[in-house]
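Read through the structure below, which is laid out as structure tokens, and then see the notes.
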Amino acid sequence: MNRTTAKVAGKHSQSWKQDPEGVRRDILDVAISEFAARGLSGARIDDIVARTRTSKRMIYYYFGDKDGLYARALEVAYSKVRRGEEELDLDGLPPLKALEKLVGFTFDHHRANPDFIRMVMIENIHNADFIRKSDVIRGLNVAAIDTLRNICSRGAKDGDFRADTDPVRLHWQISALSFFNVSNQPSFSALFGPDLFTDTQQKILRDEIIRLVVGSVRVSTEPTK
């Protein structure tokens, strides 16, 4: 080991001993970026090491192998969006306002976190093999459906929501509209131009999506013919 290599290794060792959780977070942040950019097969541990405060040995120590690191990075990516939903305090809002806030948050989160969208796209390429094995992700998404089920139940009780509103279908609609906005931005822009993705147009689209989703669950006030 030459002097430069030894110095770098010493810094990695010192960082790990002083702040092991910080080192883990650093690894996972970089891993999400690398996997999102290059996929599971294209991402390289050496590239992740080069961007972190650690060594290849410590990555294998923490996560076992590249698959283990990818699985944990995917869990962290899902945890971030679910944690944001929990912080919305939707139980303190009327059902319609709660749904509006949740839809707006989802649209904003996905737009601000394209790496999350790419991770989900990559996982679909792998037929959700890692999601199927993750109790963490399944638990997180059960909680997401429970949140919507609570909103739907309260809304139906108040007479604002249709009684047949299904929380899983509603989650699908919210996810689809918010996800497509990010996942298909390159192809949509190439075909129709980039104007829809300016801040002004995105705000208009966001408001329209909120109205669309909320309108799909509201009890109709139109008189029957």
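Ordering of the structure tokens sets the chain letters (A, B, ...); residue numbers start at 1 within each chain; ligands are numbered from 1 in the order shown.
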
- [ ] Can you pull out every residue within 12 Å of A:Gly68, counting only C-alpha atoms, but drop anything in the same chain fewer than 3 positions away, and send it as a PyMOL selection string?
- [x] chain A and resi 28+31+40+45+59-65+71-75+130+133-134

TODO: Using backbone DSSP assignments, extract all helix (DSSP H, G or I) residues from stretch 86-213 of chain A; output them as a ChimeraX atom specification.
DONE: /A:86,90-92,95-112,114-125,129-133,135-158,167-183,185-192,195-197,199-213

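Nearest residue to A:Ile210 among A:Trp172, A:Phe107, A:Tyr70, A:Tyr78 is A:Phe107, counting only C-alpha atoms.
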
- [ ] Tell me which protein, DNA and RNA residues are within 12 Å of A:Ala143, counting only C-alpha atoms, leaving out same-chain ones fewer than 2 positions away, and put them as a ChimeraX atom specification.
- [x] /A:78-79,81-83,85-86,136-141,145-150,167-168,171

TODO: Would you mind telling me which residue in A:His126, A:His109, A:Arg154, A:Arg169 lies nearest to A:Leu90 when using only C-alpha atoms?
DONE: A:Arg154

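The space between atom CA of A:Ile151 and atom CA of A:Pro95 spans 5.3 Å.
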
Contact table stretch 55-126 of chain A vs stretch 200-206 of chain A, cut-off 12 Å, shortest pair per residue, only C-alpha atoms, as a tab-separated table:
residue	atom	partner	partner_atom	distance
A:Glu100	CA	A:Arg206	CA	10.4
A:Lys101	CA	A:Arg206	CA	11.2
A:Leu102	CA	A:Arg206	CA	11.7
A:Val103	CA	A:Arg206	CA	8.6
A:Gly104	CA	A:Arg206	CA	6.7
A:Phe105	CA	A:Arg206	CA	9.8
A:Thr106	CA	A:Arg206	CA	9.8
A:Phe107	CA	A:Arg206	CA	6.7
A:Asp108	CA	A:Arg206	CA	8.2
A:His109	CA	A:Arg206	CA	11.6
A:His110	CA	A:Arg206	CA	11.6
A:Arg111	CA	A:Gln202	CA	9.3
A:Ala112	CA	A:Gln202	CA	11.9

Write out the residues from the selection above, keeping N, CA and C atoms, as a PDB file, in the first residue's frame.
ATOM      1  N   GLU A 100     -56.621  16.218  -1.158  1.00  0.00           N
ATOM      2  CA  GLU A 100     -55.944  17.246  -1.957  1.00  0.00           C
ATOM      3  C   GLU A 100     -54.479  17.382  -1.547  1.00  0.00           C
ATOM      4  N   LYS A 101     -54.250  17.413  -0.240  1.00  0.00           N
ATOM      5  CA  LYS A 101     -52.889  17.587   0.264  1.00  0.00           C
ATOM      6  C   LYS A 101     -52.015  16.391  -0.085  1.00  0.00           C
ATOM      7  N   LEU A 102     -52.577  15.185   0.011  1.00  0.00           N
ATOM      8  CA  LEU A 102     -51.821  13.970  -0.300  1.00  0.00           C
ATOM      9  C   LEU A 102     -51.458  13.910  -1.782  1.00  0.00           C
ATOM     10  N   VAL A 103     -52.399  14.238  -2.648  1.00  0.00           N
ATOM     11  CA  VAL A 103     -52.125  14.228  -4.087  1.00  0.00           C
ATOM     12  C   VAL A 103     -51.056  15.262  -4.428  1.00  0.00           C
ATOM     13  N   GLY A 104     -51.189  16.459  -3.871  1.00  0.00           N
ATOM     14  CA  GLY A 104     -50.198  17.500  -4.126  1.00  0.00           C
ATOM     15  C   GLY A 104     -48.817  17.106  -3.640  1.00  0.00           C
ATOM     16  N   PHE A 105     -48.765  16.491  -2.457  1.00  0.00           N
ATOM     17  CA  PHE A 105     -47.473  16.037  -1.928  1.00  0.00           C
ATOM     18  C   PHE A 105     -46.850  14.991  -2.848  1.00  0.00           C
ATOM     19  N   THR A 106     -47.646  14.033  -3.287  1.00  0.00           N
ATOM     20  CA  THR A 106     -47.117  12.961  -4.143  1.00  0.00           C
ATOM     21  C   THR A 106     -46.558  13.523  -5.437  1.00  0.00           C
ATOM     22  N   PHE A 107     -47.295  14.429  -6.051  1.00  0.00           N
ATOM     23  CA  PHE A 107     -46.824  15.067  -7.285  1.00  0.00           C
ATOM     24  C   PHE A 107     -45.505  15.794  -7.035  1.00  0.00           C
ATOM     25  N   ASP A 108     -45.444  16.571  -5.966  1.00  0.00           N
ATOM     26  CA  ASP A 108     -44.241  17.351  -5.658  1.00  0.00           C
ATOM     27  C   ASP A 108     -43.059  16.451  -5.312  1.00  0.00           C
ATOM     28  N   HIS A 109     -43.315  15.420  -4.509  1.00  0.00           N
ATOM     29  CA  HIS A 109     -42.233  14.516  -4.108  1.00  0.00           C
ATOM     30  C   HIS A 109     -41.635  13.825  -5.317  1.00  0.00           C
ATOM     31  N   HIS A 110     -42.486  13.277  -6.177  1.00  0.00           N
ATOM     32  CA  HIS A 110     -41.974  12.558  -7.338  1.00  0.00           C
ATOM     33  C   HIS A 110     -41.193  13.495  -8.250  1.00  0.00           C
ATOM     34  N   ARG A 111     -41.706  14.709  -8.438  1.00  0.00           N
ATOM     35  CA  ARG A 111     -41.012  15.659  -9.297  1.00  0.00           C
ATOM     36  C   ARG A 111     -39.643  16.023  -8.714  1.00  0.00           C
ATOM     37  N   ALA A 112     -39.558  16.132  -7.392  1.00  0.00           N
ATOM     38  CA  ALA A 112     -38.309  16.543  -6.743  1.00  0.00           C
ATOM     39  C   ALA A 112     -37.333  15.385  -6.541  1.00  0.00           C
TER      40      ALA A 112
END

Open item on the list: Rounded to one decimal, what separation in Å do you get between atom CA of A:Glu208 and atom CA of A:Ser189?
Closed with: 19.3 Å

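With only C-alpha atoms as the atoms that count, the residue of A:Ile48, A:Leu96, A:Ala37, A:Leu212 with the shortest distance to A:Ile117 is A:Ala37.
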
TODO: Between A:Ser220, A:Phe116, A:Val49, A:Gly84, single out the one closest to A:Phe35, counting only C-alpha atoms.
DONE: A:Phe116

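Of note, atom CA of A:Ser33 and atom CA of A:Phe197 are spaced 22.0 Å apart.
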